[in-house]
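Trainee: First the structure, which I've put down as structure tokens, then a few questions once you've had a look.
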Amino acid sequence: MQPFIVLINTLWWMLPVYVVHPAAVLTGGGMPIDFRKNFLDGKRLLGEGKTWCGLVGSTCAGLMIGMIQNTLAVIFPNEYFPVFANELGYAILIIFLLSFLSIWGDSIGSFIKRRRGIDRGEKAFLLDQLSFLVFTWLMLIIIVPSWFFEHFGNWISLITVFVLTPVLHRVVNIIGYKMGKKKVPW
Ligand code: CTP
Ligand code: MG
């Protein structure tokens, strides 16, 4: 397949993975996931920035966007913006995994930050930008290996995603900061 089409396909299928993060900023608040409990090291498990509302709200947003994408792909079949999977039930499972794993990966990143003594909202280069991506891809490889390798198992997808994710992360956070939705631009 043409490299350009592979690149567009990759970004299309990755959209739920990206959407959950700004969605968590918009829907987050209230009780933190760690119920304000500390880990063995005496520091917060995840911190005040990871909330149940953010988790549920962002997963729903990712599911919604993915379902809209999949529906559009069914109505207007084309090679640039294809379905997540041919069978609807399987497509829903994939969209759910893309969203849910991505926002959990974000919490894993916070867990590591707290262990390293980095406070909530403080910058952690590469950890902030890539932890959710690495977690999402590793889990997809374990849970749905055939789907993963069929859709992302090529050099173009790998390079596109690992180069573009930190850039996208930065741009979206600056927009969130300017809109007054985020306290810091990272
Ligand atoms: N958010 C949330 N629940 C989540 C993830 C994010 O409520 N599961 C919201 C929080 O309001 C959080 C904001 O989205 O402050 C931005 O997310 P992020 O930058 O990942 O969190 P930080 O506050 O920077 O915390 P950390 O240092 O733990 O990453
Ligand atoms: Mg942050």
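Here's how to read the names in the structure tokens: chain A, B, ... by the order shown, residue numbers from 1 in each chain, ligand numbers from 1 in the order shown.
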Using only C-alpha atoms and all ligand atoms, tabulate the residues of chain A lying at most 9 Å from any atom of ligand 2, each with its closest atom pair and that distance in Å to one decimal, by chain and increasing residue number, as a Markdown table.
Mentor:
| residue | atom | partner | partner_atom_place_in_ligand_line | distance |
| --- | --- | --- | --- | --- |
| A:Gly49 | CA | ligand 2 | 1 (Mg) | 7.9 |
| A:Ser110 | CA | ligand 2 | 1 (Mg) | 8.4 |
| A:Arg120 | CA | ligand 2 | 1 (Mg) | 7.0 |
| A:Gly121 | CA | ligand 2 | 1 (Mg) | 4.4 |
| A:Glu122 | CA | ligand 2 | 1 (Mg) | 6.4 |
| A:Lys123 | CA | ligand 2 | 1 (Mg) | 6.6 |
| A:Ala124 | CA | ligand 2 | 1 (Mg) | 8.2 |
| A:Asp128 | CA | ligand 2 | 1 (Mg) | 6.5 |
| A:Asn173 | CA | ligand 2 | 1 (Mg) | 8.6 |
| A:Lys182 | CA | ligand 2 | 1 (Mg) | 8.7 |
| A:Val184 | CA | ligand 2 | 1 (Mg) | 7.7 |
| A:Pro185 | CA | ligand 2 | 1 (Mg) | 8.6 |
| A:Trp186 | CA | ligand 2 | 1 (Mg) | 5.9 |
Trainee: Give me a file of those residues, with N, CA, C and O atoms, as a CSV table (one decimal), in the first residue's frame.
Mentor:
chain,number,residue,atom,x,y,z
A,49,GLY,N,-4.3,14.6,40.1
A,49,GLY,CA,-4.6,14.9,38.7
A,49,GLY,C,-5.2,13.7,38.0
A,49,GLY,O,-5.6,13.9,36.8
A,110,SER,N,1.8,8.7,35.6
A,110,SER,CA,1.7,9.4,36.9
A,110,SER,C,2.3,8.6,38.0
A,110,SER,O,3.0,9.1,38.9
A,120,ARG,N,2.7,16.4,41.0
A,120,ARG,CA,1.5,16.5,40.1
A,120,ARG,C,1.7,17.8,39.2
A,120,ARG,O,1.9,18.8,39.8
A,121,GLY,N,1.6,17.6,37.9
A,121,GLY,CA,1.6,18.7,37.0
A,121,GLY,C,3.0,19.2,36.7
A,121,GLY,O,3.2,20.0,35.7
A,122,GLU,N,4.0,18.6,37.4
A,122,GLU,CA,5.4,19.0,37.0
A,122,GLU,C,5.8,18.2,35.7
A,122,GLU,O,5.3,17.2,35.5
A,123,LYS,N,6.7,18.8,35.0
A,123,LYS,CA,7.1,18.3,33.7
A,123,LYS,C,8.0,17.0,33.9
A,123,LYS,O,8.8,17.0,34.8
A,124,ALA,N,7.7,16.0,33.0
A,124,ALA,CA,8.6,14.8,33.0
A,124,ALA,C,8.8,14.5,31.6
A,124,ALA,O,8.0,13.8,30.9
A,128,ASP,N,5.7,12.1,30.2
A,128,ASP,CA,4.4,12.7,29.9
A,128,ASP,C,3.9,12.4,28.5
A,128,ASP,O,2.7,12.1,28.3
A,173,ASN,N,-1.5,20.6,24.6
A,173,ASN,CA,-1.4,21.2,26.0
A,173,ASN,C,-1.3,22.7,25.9
A,173,ASN,O,-1.8,23.4,26.8
A,182,LYS,N,-5.9,24.2,31.3
A,182,LYS,CA,-4.8,23.5,32.0
A,182,LYS,C,-4.0,24.6,32.7
A,182,LYS,O,-3.8,25.7,32.2
A,184,VAL,N,-0.8,24.5,33.4
A,184,VAL,CA,0.6,24.6,32.8
A,184,VAL,C,0.5,24.2,31.3
A,184,VAL,O,-0.3,23.3,31.0
A,185,PRO,N,1.4,24.7,30.5
A,185,PRO,CA,1.4,24.4,29.1
A,185,PRO,C,2.1,23.1,28.7
A,185,PRO,O,2.6,23.0,27.6
A,186,TRP,N,2.2,22.1,29.6
A,186,TRP,CA,2.8,20.8,29.3
A,186,TRP,C,2.0,19.7,29.9
A,186,TRP,O,1.0,19.9,30.6
Trainee: Let me have all residues with an atom within 7 Å of ligand 1, counting only C-alpha atoms and all ligand atoms, laid out as an MDAnalysis selection string.
Mentor: chainID A and resid 21 24:25 27:29 46:47 49:55 103 106:107 109:110 113 119:122 128 182 186
Trainee: Find the residue from A:Ser58, A:Ala91, A:Ile174, A:Asp41 that sits nearest to Val74 of chain A; use only C-alpha atoms when measuring.
Mentor: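 Nearest to Val74 of chain A: A:Ala91.
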Trainee: Any idea what the distance is between atom CA of Ile92 of chain A and atom CA of Leu7 of chain A?
Mentor: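 Spanning atom CA of Ile92 of chain A to atom CA of Leu7 of chain A is a straight-line distance of 22.2 Å.
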Trainee: Given only C-alpha atoms as the basis, pick out the residue of A:Thr160, A:Arg116, A:Ile95, A:Leu63 nearest to Gly42 of chain A.
Mentor: A:Arg116
Trainee: From chain A, collect each residue whose DSSP state is alpha helix (DSSP H) and return the set as a VMD selection string.
Mentor: chain A and resid 3 to 27 52 to 75 88 to 115 127 to 143 145 to 152 155 to 178
Trainee: List the spatial neighbours of Val134 of chain A as a list in words - criterion: any atom at most 10 Å away, only C-alpha atoms, same-chain residues fewer than 4 positions off excluded.
Mentor: Ser102, Gly105, Leu127, Gln129, Leu130, Leu138, Met139, Leu140 and Phe162 of chain A
Trainee: Create the file for the chosen residues now, containing C-alpha atoms and written as a CSV table (one decimal), in the first residue's frame.
Mentor:
chain,number,residue,atom,x,y,z
A,102,SER,CA,-4.6,5.1,26.6
A,105,GLY,CA,-1.4,4.4,30.4
A,127,LEU,CA,7.3,10.2,30.4
A,129,GLN,CA,4.4,12.3,26.2
A,130,LEU,CA,5.1,8.7,25.6
A,138,LEU,CA,2.3,-3.1,24.5
A,139,MET,CA,-1.2,-4.1,25.9
A,140,LEU,CA,-2.7,-4.2,22.3
A,162,PHE,CA,6.6,7.9,17.9
Trainee: Leaving out Arg44 of chain A and any residue of its chain fewer than 3 positions from it, which residues lie within 10 Å of it when counting only C-alpha atoms, given as a PyMOL selection string?
Mentor: chain A and resi 34-41+47-48+110-111+114-115+117+119-120
Trainee: Report as a ChimeraX atom specification all protein, DNA and RNA residues lying within 7 Å of Ile156 of chain A, evaluated on only C-alpha atoms, omitting residues in the same chain fewer than 2 positions from it.
Mentor: /A:3,6-7,154,158-160
Trainee: Between atom CA of Asn86 of chain A and atom CA of Leu133 of chain A, measure the distance and give it in Å to one decimal.
Mentor: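 Atom CA of Asn86 of chain A sits 24.5 Å away from atom CA of Leu133 of chain A.
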Trainee: Given the choices A:Ile65, A:Leu97, A:Val161, A:Leu168, which gets closest to Ile141 of chain A if the distance is worked out from only C-alpha atoms?
Mentor: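 Looking only at the distances to Ile141 of chain A, the closest residue turns out to be A:Leu97.
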Trainee: In Å, rounded to a single decimal, give me how far atom CA of Val56 of chain A is from atom CA of Phe100 of chain A.
Mentor: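 Calculated distance between atom CA of Phe100 of chain A and atom CA of Val56 of chain A is 8.8 Å.
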